[in-house]
file model-v8.txt (compact mmCIF, C-alpha atoms)
# COMPACT_ATOMS: atom_id res chain seq x y z
CA MET A 330 -152.95 10.37 -19.43
CA LEU A 331 -156.10 12.44 -19.78
CA ALA A 332 -157.20 10.29 -22.70
CA ALA A 333 -156.71 7.12 -20.63
CA ALA A 334 -158.72 8.56 -17.76
CA ALA A 335 -161.53 9.53 -20.10
CA CYS A 336 -161.61 6.03 -21.55
CA LEU A 337 -161.77 4.58 -18.03
CA VAL A 338 -164.70 6.81 -17.06
CA LEU A 339 -166.47 5.99 -20.31
CA GLY A 340 -165.94 2.28 -19.75
CA ILE A 341 -167.34 2.40 -16.23
CA GLY A 342 -170.32 4.35 -17.53
CA LEU A 343 -171.00 1.77 -20.22
CA LEU A 344 -170.72 -1.10 -17.73
CA GLY A 345 -173.04 0.68 -15.31
CA GLY A 346 -175.52 1.37 -18.05
CA ALA A 347 -175.42 -2.25 -19.16
CA ALA A 348 -175.94 -3.46 -15.59
CA ALA A 349 -178.84 -1.06 -15.09
CA GLY A 350 -180.41 -2.17 -18.34
CA SER A 351 -180.04 -5.80 -17.32
CA TRP A 352 -181.62 -5.07 -13.92
CA LEU A 353 -184.51 -3.27 -15.56
CA ARG A 354 -185.10 -6.18 -17.91
CA LEU A 355 -185.11 -8.60 -14.97
CA THR A 356 -187.55 -6.56 -12.93
CA ASP A 357 -189.79 -6.10 -15.94
CA ASP A 358 -189.77 -9.83 -16.70
CA PRO A 359 -193.40 -11.01 -16.96
CA GLU A 360 -192.44 -14.14 -15.06
CA ASP A 361 -191.76 -11.97 -11.98
CA ALA A 362 -195.19 -10.34 -12.12
CA PRO A 363 -197.95 -11.67 -9.85
CA PRO A 364 -200.43 -13.98 -11.62
CA THR A 365 -203.52 -12.37 -13.03
CA ALA A 366 -206.94 -13.01 -11.57
CA GLU A 367 -207.83 -14.93 -14.71
CA ALA A 368 -204.74 -17.15 -14.37
CA THR A 369 -205.39 -18.01 -10.72
CA PHE A 370 -209.05 -18.73 -11.43
CA THR A 371 -208.07 -21.10 -14.24
CA LYS A 372 -205.37 -22.76 -12.12
CA GLY A 373 -207.84 -23.14 -9.29
CA ARG A 374 -210.06 -25.30 -11.48
CA ASP A 375 -207.30 -27.92 -11.67
CA ALA A 376 -206.15 -27.71 -8.05
CA TRP A 377 -208.14 -30.81 -7.10
CA ARG A 378 -206.06 -33.03 -9.41
CA ASN A 379 -202.73 -31.18 -9.47
CA THR A 380 -202.31 -30.85 -5.70
CA PRO A 381 -201.65 -33.73 -3.27
CA VAL A 382 -204.57 -34.55 -1.02
CA ASP A 383 -202.35 -34.08 2.05
CA THR A 384 -201.83 -30.47 0.94
CA LEU A 385 -205.49 -29.68 0.35
CA PHE A 386 -206.73 -31.72 3.35
CA PRO A 387 -203.77 -32.03 5.77
CA ARG A 388 -203.54 -35.09 7.98
CA THR A 389 -203.35 -32.82 11.03
CA VAL A 390 -204.59 -29.26 11.35
CA GLU A 391 -203.41 -27.07 14.21
CA GLY A 392 -205.64 -24.16 15.20
CA LEU A 393 -203.80 -21.87 17.60
CA GLY A 394 -206.22 -19.77 19.62
CA VAL A 395 -209.18 -20.44 17.33
CA GLY A 396 -211.39 -22.37 19.75
CA PRO A 397 -213.94 -21.04 22.24
CA GLY A 398 -212.32 -18.49 24.53
CA GLY A 399 -209.17 -18.50 22.42
CA ALA A 400 -208.38 -22.15 23.14
CA ASP A 401 -206.03 -24.07 20.86
CA ARG A 402 -207.58 -26.76 18.68
CA THR A 403 -206.16 -29.77 16.85
CA TRP A 404 -207.98 -31.88 14.28
CA THR A 405 -206.86 -35.20 12.81
CA ARG A 406 -208.06 -36.47 9.46
CA ILE A 407 -209.69 -39.88 9.85
CA ALA A 408 -211.15 -40.45 6.37
CA VAL A 409 -210.90 -39.18 2.80
CA ALA A 410 -213.70 -39.89 0.35
CA PRO A 411 -212.81 -40.98 -3.19
CA ASP A 412 -213.05 -37.94 -5.45
CA SER A 413 -216.36 -37.98 -7.29
CA ASP A 414 -218.95 -35.90 -9.04
CA CYS A 415 -221.69 -34.31 -6.95
CA THR A 416 -224.41 -36.88 -7.61
CA GLY A 417 -226.08 -37.77 -4.32
CA ALA A 418 -223.57 -35.76 -2.27
CA TYR A 419 -226.07 -33.14 -1.12
CA ASP A 420 -229.62 -33.04 0.12
CA PRO A 421 -231.95 -32.03 -2.73
CA LYS A 422 -232.42 -28.37 -1.79
CA LEU A 423 -228.69 -27.68 -1.41
CA ALA A 424 -228.00 -29.58 -4.62
CA GLN A 425 -230.52 -27.35 -6.37
CA ALA A 426 -229.01 -24.18 -4.90
CA LEU A 427 -225.52 -25.13 -6.13
CA ALA A 428 -226.58 -26.64 -9.46
CA ARG A 429 -226.14 -23.44 -11.46
CA ALA A 430 -222.39 -23.49 -10.73
CA GLY A 431 -221.91 -26.98 -12.16
CA CYS A 432 -219.67 -29.65 -10.69
CA VAL A 433 -216.28 -30.74 -12.01
CA ARG A 434 -215.25 -32.67 -8.89
CA LEU A 435 -216.08 -33.01 -5.22
CA LEU A 436 -213.45 -33.73 -2.57
CA ARG A 437 -214.38 -34.56 1.03
CA ALA A 438 -212.57 -35.46 4.22
CA THR A 439 -213.68 -36.03 7.80
CA TYR A 440 -211.73 -34.94 10.89
CA LEU A 441 -211.80 -35.79 14.59
CA ASP A 442 -210.84 -33.21 17.20
CA ALA A 443 -208.13 -33.88 19.80
CA THR A 444 -210.65 -34.52 22.58
CA ARG A 445 -212.39 -37.10 20.36
CA SER A 446 -215.68 -35.36 21.09
CA SER A 447 -216.47 -33.85 17.70
CA VAL A 448 -216.36 -34.95 14.07
CA ILE A 449 -216.27 -32.59 11.11
CA THR A 450 -216.70 -33.20 7.40
CA VAL A 451 -215.08 -30.66 5.07
CA GLY A 452 -215.87 -30.59 1.37
CA ALA A 453 -214.67 -28.67 -1.69
CA GLN A 454 -216.65 -28.63 -4.91
CA THR A 455 -214.80 -27.47 -8.01
CA THR A 456 -217.33 -25.78 -10.27
CA ARG A 457 -217.73 -25.37 -14.05
CA THR A 458 -218.90 -21.77 -14.09
CA ASP A 459 -216.85 -18.63 -14.83
CA PRO A 460 -215.94 -15.77 -12.45
CA ALA A 461 -219.19 -13.97 -13.18
CA GLY A 462 -221.12 -17.12 -12.34
CA MET A 463 -219.29 -17.55 -9.03
CA LEU A 464 -219.90 -13.91 -8.15
CA ALA A 465 -223.60 -14.25 -8.94
CA LEU A 466 -223.90 -17.39 -6.80
CA ASN A 467 -221.94 -15.76 -3.97
CA THR A 468 -224.29 -12.76 -4.10
CA ARG A 469 -227.34 -15.01 -4.10
CA PHE A 470 -226.13 -16.91 -1.04
CA SER A 471 -225.30 -13.66 0.76
CA THR A 472 -228.42 -11.66 -0.01
CA ARG A 473 -230.80 -14.55 0.64
CA SER A 474 -228.90 -15.90 3.68
CA LEU A 475 -228.89 -19.35 2.09
CA ALA A 476 -225.88 -20.46 4.13
CA GLU A 477 -227.94 -20.01 7.30
CA ARG A 478 -230.87 -22.21 6.32
CA THR A 479 -231.08 -25.56 8.10
CA ASP A 480 -232.64 -27.16 5.02
CA LEU A 481 -229.44 -26.35 3.12
CA MET A 482 -226.98 -28.02 5.50
CA PRO A 483 -224.26 -30.17 3.88
CA VAL A 484 -224.28 -33.95 4.32
CA PRO A 485 -221.56 -35.58 6.48
CA TYR A 486 -219.10 -38.11 5.11
CA ALA A 487 -219.32 -40.93 7.66
CA PRO A 488 -217.48 -44.09 6.56
CA LYS A 489 -218.02 -47.28 8.55
CA GLY A 490 -215.33 -48.37 10.96
CA THR A 491 -214.34 -44.81 11.87
CA SER A 492 -215.18 -42.46 14.73
CA ALA A 493 -217.56 -40.72 12.34
CA GLU A 494 -219.62 -43.82 11.61
CA GLY A 495 -222.61 -42.46 13.52
CA PHE A 496 -222.38 -38.98 11.99
CA GLY A 497 -225.61 -38.73 10.02
CA ARG A 498 -228.09 -36.05 9.10
CA ALA A 499 -229.69 -36.01 12.55
CA GLN A 500 -226.29 -35.43 14.17
CA ARG A 501 -225.48 -32.22 12.27
CA ALA A 502 -224.91 -29.42 14.79
CA SER A 503 -223.14 -26.59 12.96
CA TRP A 504 -222.13 -25.82 9.40
CA THR A 505 -220.83 -23.27 6.92
CA VAL A 506 -221.04 -22.97 3.13
CA ARG A 507 -218.73 -20.56 1.24
CA VAL A 508 -218.97 -19.69 -2.46
CA LEU A 509 -215.52 -18.36 -3.37
CA THR A 510 -215.15 -15.84 -6.18
CA ASP A 511 -211.40 -15.80 -6.87
CA VAL A 512 -211.25 -19.56 -7.51
CA PRO A 513 -214.04 -21.82 -8.85
CA VAL A 514 -214.55 -23.66 -5.58
CA ILE A 515 -217.37 -24.00 -3.05
CA VAL A 516 -216.10 -24.95 0.41
CA TYR A 517 -218.30 -26.31 3.17
CA ALA A 518 -217.99 -27.90 6.58
CA VAL A 519 -220.45 -29.60 8.91
CA SER A 520 -219.79 -30.72 12.48
CA GLY A 521 -221.42 -32.95 15.07
CA PHE A 522 -220.80 -34.84 18.32
CA ALA A 523 -218.60 -37.92 17.97
CA ASP A 524 -220.84 -39.94 20.28
CA GLY A 525 -223.63 -39.85 17.69
CA ARG A 526 -226.13 -37.85 19.69
CA ALA A 527 -228.87 -36.14 17.71
CA VAL A 528 -229.03 -32.34 17.60
CA THR A 529 -232.47 -30.75 17.57
CA GLU A 530 -231.35 -27.13 17.06
CA PRO A 531 -228.34 -26.86 14.73
CA GLN A 532 -226.78 -23.44 14.35
CA PRO A 533 -224.76 -21.86 11.52
CA ALA A 534 -221.07 -21.64 12.40
CA GLU A 535 -220.89 -17.88 11.91
CA ALA A 536 -223.57 -17.45 14.59
CA ALA A 537 -222.21 -20.14 16.92
CA VAL A 538 -218.77 -18.50 17.17
CA ARG A 539 -220.05 -15.07 18.15
CA PRO A 540 -219.09 -13.92 21.65
CA GLY A 541 -221.84 -14.65 24.14
CA ALA A 542 -223.47 -17.45 22.13
CA THR A 543 -224.84 -20.05 24.56
CA THR A 544 -226.30 -22.71 22.27
CA ALA A 545 -225.03 -26.29 22.37
CA PRO A 546 -223.10 -25.89 19.08
CA ALA A 547 -221.51 -22.72 20.45
CA GLU A 548 -220.53 -23.94 23.91
CA SER A 549 -219.27 -27.29 22.65
CA GLY A 550 -217.02 -25.64 20.08
CA LEU A 551 -218.78 -27.29 17.14
CA GLY A 552 -219.28 -23.91 15.50
CA HIS A 553 -215.55 -23.24 15.77
CA ASP A 554 -214.80 -26.71 14.39
CA ALA A 555 -216.84 -26.07 11.25
CA LYS A 556 -215.69 -22.49 10.72
CA ASP A 557 -212.00 -22.98 11.38
CA LEU A 558 -211.58 -26.14 9.33
CA ALA A 559 -213.44 -24.49 6.45
CA ASP A 560 -211.11 -21.50 6.78
CA ARG A 561 -208.09 -23.79 6.49
CA ILE A 562 -209.33 -25.76 3.48
CA GLU A 563 -210.45 -22.56 1.77
CA ASN A 564 -206.95 -21.11 2.13
CA ASP A 565 -205.36 -24.37 0.96
CA PHE A 566 -207.27 -24.18 -2.32
CA ARG A 567 -206.33 -20.52 -2.74
CA LYS A 568 -202.67 -21.32 -2.20
CA ALA A 569 -202.86 -24.15 -4.71
CA ALA A 570 -204.22 -21.67 -7.25
CA GLY A 571 -201.49 -19.13 -6.50
CA THR A 572 -203.81 -16.49 -5.10
CA PRO A 573 -203.20 -14.72 -1.77
CA THR A 574 -205.14 -16.08 1.17
CA GLN A 575 -207.83 -13.94 2.73
CA SER A 576 -209.31 -13.70 6.17
CA ARG A 577 -213.06 -14.23 6.46
CA GLU A 578 -213.43 -10.50 7.14
CA ASP A 579 -211.71 -9.64 3.87
CA ALA A 580 -213.18 -12.39 1.74
CA PRO A 581 -215.93 -11.49 -0.74
call {"tool": "encode", "arguments": {"input": "model-v8.txt", "output": "structure tokens"}}
result
Amino acid sequence: MLAAAACLVLGIGLLGGAAAGSWLRLTDDPEDAPPTAEATFTKGRDAWRNTPVDTLFPRTVEGLGVGPGGADRTWTRIAVAPDSDCTGAYDPKLAQALARAGCVRLLRATYLDATRSSVITVGAQTTRTDPAGMLALNTRFSTRSLAERTDLMPVPYAPKGTSAEGFGRAQRASWTVRVLTDVPVIVYAVSGFADGRAVTEPQPAEAAVRPGATTAPAESGLGHDAKDLADRIENDFRKAAGTPTQSREDAP
């Protein structure tokens, strides 16, 4: 009897040990580990061709509480540009500022807000450079305030026959340019009035969304349009690369 009991205890111990060993092997499986920074950066370079356009640039974007005064915003995609290289996509000075990163592909889409009063072009340039190159370009844009210069505003995508047809260089009201460092992507957005009116004093989105701002881009919500749509597209590319999304306060 005692021998049988001992065998039973030993058997349970062996089964428990085997189960524990199996559990340890599962939890230590490299496939369960989060992707490395190098892996997500590499995956991010192919996001433009491996991810559906409706995922990177959704047909409809809902912005809950992101508008002026915490208002809800909704944007509808009205046009998608054919993917291309960066030739002729930027004004010369911005093209020169971004040239050191190289250009694999440029994707662009234009949105119309729910009130049909503003149009916004969002772009994402996949670069050729490595993480060190993206960090250097990010630092250059930050330390020299290049994203705030009106001579470095992005160019709208304004196809004929759409509500953005009259959205040209003179209509640019607010904009943002972000050089990401965890994925090889530069994201930008530029907004303007849908009625085609010219804007004599455009304002960077980060300044136009500050509390108390009273400029036309700020009070019309065009700063929020540019910032919030850029936030969304930026996060879409990060998700496609498998990297956690970041808020603008946490982003490098």
call {"tool": "closest_residue", "arguments": {"input": "model-v8.txt", "among": "A:Arg473, A:Leu436, A:Ala536, A:Pro364", "to": "A:Pro381", "atoms": "only C-alpha atoms"}}
result
A:Leu436
call {"tool": "atom_distance", "arguments": {"input": "model-v8.txt", "atom1": "atom CA of A:Phe566", "atom2": "atom CA of A:Gln500"}}
result
27.6 Å
call {"tool": "atom_distance", "arguments": {"input": "model-v8.txt", "atom1": "atom CA of A:Val409", "atom2": "atom CA of A:Thr371"}}
result
25.0 Å
call {"tool": "residues_around", "arguments": {"input": "model-v8.txt", "residues": "A:Thr450", "least_positions_apart": "2", "cutoff": "7 Å", "atoms": "only C-alpha atoms", "output": "PyMOL selection string"}}
result
chain A and resi 437-440+448+452+485-486+518-520
call {"tool": "axis_aligned_box", "arguments": {"input": "model-v8.txt", "around": "stretch 461-479 of chain A", "padding_each_side": "8 Å", "output": "lines of an AutoDock Vina configuration file"}}
result
center_x = -225.1
center_y = -18.6
center_z = -2.5
size_x = 27.9
size_y = 29.9
size_z = 37.3
call {"tool": "atom_distance", "arguments": {"input": "model-v8.txt", "atom1": "atom CA of A:Cys415", "atom2": "atom CA of A:Met482"}}
result
14.9 Å
call {"tool": "closest_residue", "arguments": {"input": "model-v8.txt", "among": "A:Asp401, A:Glu530, A:Asp459, A:Asp442", "to": "A:Arg429", "atoms": "all atoms listed in the file"}}
result
A:Asp459
call {"tool": "residues_around", "arguments": {"input": "model-v8.txt", "residues": "A:Phe496", "least_positions_apart": "6", "cutoff": "7 Å", "atoms": "only C-alpha atoms", "output": "list of chain:residue names"}}
result
A:Pro485, A:Ala487, A:Gly521, A:Gly525
call {"tool": "closest_residue", "arguments": {"input": "model-v8.txt", "among": "A:Thr510, A:Gln532, A:Thr456, A:Asn564", "to": "A:Asp375", "atoms": "only C-alpha atoms"}}
result
A:Thr456
call {"tool": "closest_residue", "arguments": {"input": "model-v8.txt", "among": "A:Arg501, A:Thr380, A:Ala410, A:Ala428", "to": "A:Lys489", "atoms": "only C-alpha atoms"}}
result
A:Ala410
call {"tool": "closest_residue", "arguments": {"input": "model-v8.txt", "among": "A:Ala408, A:Leu466, A:Ala366, A:Leu475", "to": "A:Pro488", "atoms": "all atoms listed in the file"}}
result
A:Ala408
call {"tool": "residues_near_point", "arguments": {"input": "model-v8.txt", "point": "(-231.8, -33.4, 13.8)", "cutoff": "7 Å", "atoms": "all atoms listed in the file", "output": "CSV table (one decimal) with C-alpha atoms, in the frame of the given file"}}
result
chain,number,residue,atom,x,y,z
A,498,ARG,CA,-228.1,-36.0,9.1
A,499,ALA,CA,-229.7,-36.0,12.6
A,500,GLN,CA,-226.3,-35.4,14.2
A,501,ARG,CA,-225.5,-32.2,12.3
A,527,ALA,CA,-228.9,-36.1,17.7
A,528,VAL,CA,-229.0,-32.3,17.6
A,529,THR,CA,-232.5,-30.8,17.6
call {"tool": "closest_residue", "arguments": {"input": "model-v8.txt", "among": "A:Asp412, A:Asp524, A:Glu535, A:Asp565", "to": "A:Ser447", "atoms": "only C-alpha atoms"}}
result
A:Asp524
call {"tool": "decode", "arguments": {"input": "model-v8.txt", "residues": "stretch 361-378 of chain A", "atoms": "N, CA and C atoms", "output": "PDB file, in the first residue's frame"}}
result
ATOM      1  N   ASP A 361       6.703  34.517 -28.919  1.00  0.00           N
ATOM      2  CA  ASP A 361       5.840  35.255 -27.997  1.00  0.00           C
ATOM      3  C   ASP A 361       6.467  36.577 -27.564  1.00  0.00           C
ATOM      4  N   ALA A 362       7.744  36.757 -27.846  1.00  0.00           N
ATOM      5  CA  ALA A 362       8.425  37.982 -27.433  1.00  0.00           C
ATOM      6  C   ALA A 362       8.014  39.140 -28.336  1.00  0.00           C
ATOM      7  N   PRO A 363       7.981  40.351 -27.794  1.00  0.00           N
ATOM      8  CA  PRO A 363       7.652  41.516 -28.638  1.00  0.00           C
ATOM      9  C   PRO A 363       8.710  41.700 -29.704  1.00  0.00           C
ATOM     10  N   PRO A 364       8.345  42.233 -30.864  1.00  0.00           N
ATOM     11  CA  PRO A 364       9.334  42.432 -31.939  1.00  0.00           C
ATOM     12  C   PRO A 364      10.400  43.422 -31.516  1.00  0.00           C
ATOM     13  N   THR A 365      11.575  43.226 -32.025  1.00  0.00           N
ATOM     14  CA  THR A 365      12.673  44.144 -31.721  1.00  0.00           C
ATOM     15  C   THR A 365      12.500  45.446 -32.488  1.00  0.00           C
ATOM     16  N   ALA A 366      13.199  46.458 -32.036  1.00  0.00           N
ATOM     17  CA  ALA A 366      13.135  47.751 -32.720  1.00  0.00           C
ATOM     18  C   ALA A 366      13.620  47.614 -34.160  1.00  0.00           C
ATOM     19  N   GLU A 367      14.635  46.792 -34.356  1.00  0.00           N
ATOM     20  CA  GLU A 367      15.154  46.579 -35.703  1.00  0.00           C
ATOM     21  C   GLU A 367      14.111  45.914 -36.599  1.00  0.00           C
ATOM     22  N   ALA A 368      13.377  44.945 -36.032  1.00  0.00           N
ATOM     23  CA  ALA A 368      12.361  44.231 -36.816  1.00  0.00           C
ATOM     24  C   ALA A 368      11.216  45.152 -37.215  1.00  0.00           C
ATOM     25  N   THR A 369      10.754  45.984 -36.289  1.00  0.00           N
ATOM     26  CA  THR A 369       9.641  46.881 -36.615  1.00  0.00           C
ATOM     27  C   THR A 369      10.073  47.953 -37.610  1.00  0.00           C
ATOM     28  N   PHE A 370      11.320  48.415 -37.485  1.00  0.00           N
ATOM     29  CA  PHE A 370      11.814  49.410 -38.437  1.00  0.00           C
ATOM     30  C   PHE A 370      11.846  48.806 -39.841  1.00  0.00           C
ATOM     31  N   THR A 371      12.342  47.582 -39.938  1.00  0.00           N
ATOM     32  CA  THR A 371      12.409  46.913 -41.239  1.00  0.00           C
ATOM     33  C   THR A 371      11.010  46.651 -41.791  1.00  0.00           C
ATOM     34  N   LYS A 372      10.098  46.198 -40.944  1.00  0.00           N
ATOM     35  CA  LYS A 372       8.725  45.935 -41.379  1.00  0.00           C
ATOM     36  C   LYS A 372       8.037  47.223 -41.812  1.00  0.00           C
ATOM     37  N   GLY A 373       8.376  48.305 -41.126  1.00  0.00           N
ATOM     38  CA  GLY A 373       7.777  49.590 -41.461  1.00  0.00           C
ATOM     39  C   GLY A 373       8.136  50.066 -42.853  1.00  0.00           C
ATOM     40  N   ARG A 374       9.287  49.630 -43.373  1.00  0.00           N
ATOM     41  CA  ARG A 374       9.688  50.047 -44.707  1.00  0.00           C
ATOM     42  C   ARG A 374       8.797  49.439 -45.782  1.00  0.00           C
ATOM     43  N   ASP A 375       8.170  48.313 -45.468  1.00  0.00           N
ATOM     44  CA  ASP A 375       7.304  47.643 -46.448  1.00  0.00           C
ATOM     45  C   ASP A 375       5.823  47.852 -46.174  1.00  0.00           C
ATOM     46  N   ALA A 376       5.496  48.655 -45.164  1.00  0.00           N
ATOM     47  CA  ALA A 376       4.088  48.842 -44.803  1.00  0.00           C
ATOM     48  C   ALA A 376       3.282  49.421 -45.959  1.00  0.00           C
ATOM     49  N   TRP A 377       3.889  50.278 -46.752  1.00  0.00           N
ATOM     50  CA  TRP A 377       3.166  50.938 -47.843  1.00  0.00           C
ATOM     51  C   TRP A 377       2.635  49.951 -48.872  1.00  0.00           C
ATOM     52  N   ARG A 378       3.333  48.802 -49.065  1.00  0.00           N
ATOM     53  CA  ARG A 378       2.874  47.852 -50.068  1.00  0.00           C
ATOM     54  C   ARG A 378       2.249  46.599 -49.471  1.00  0.00           C
TER      55      ARG A 378
END
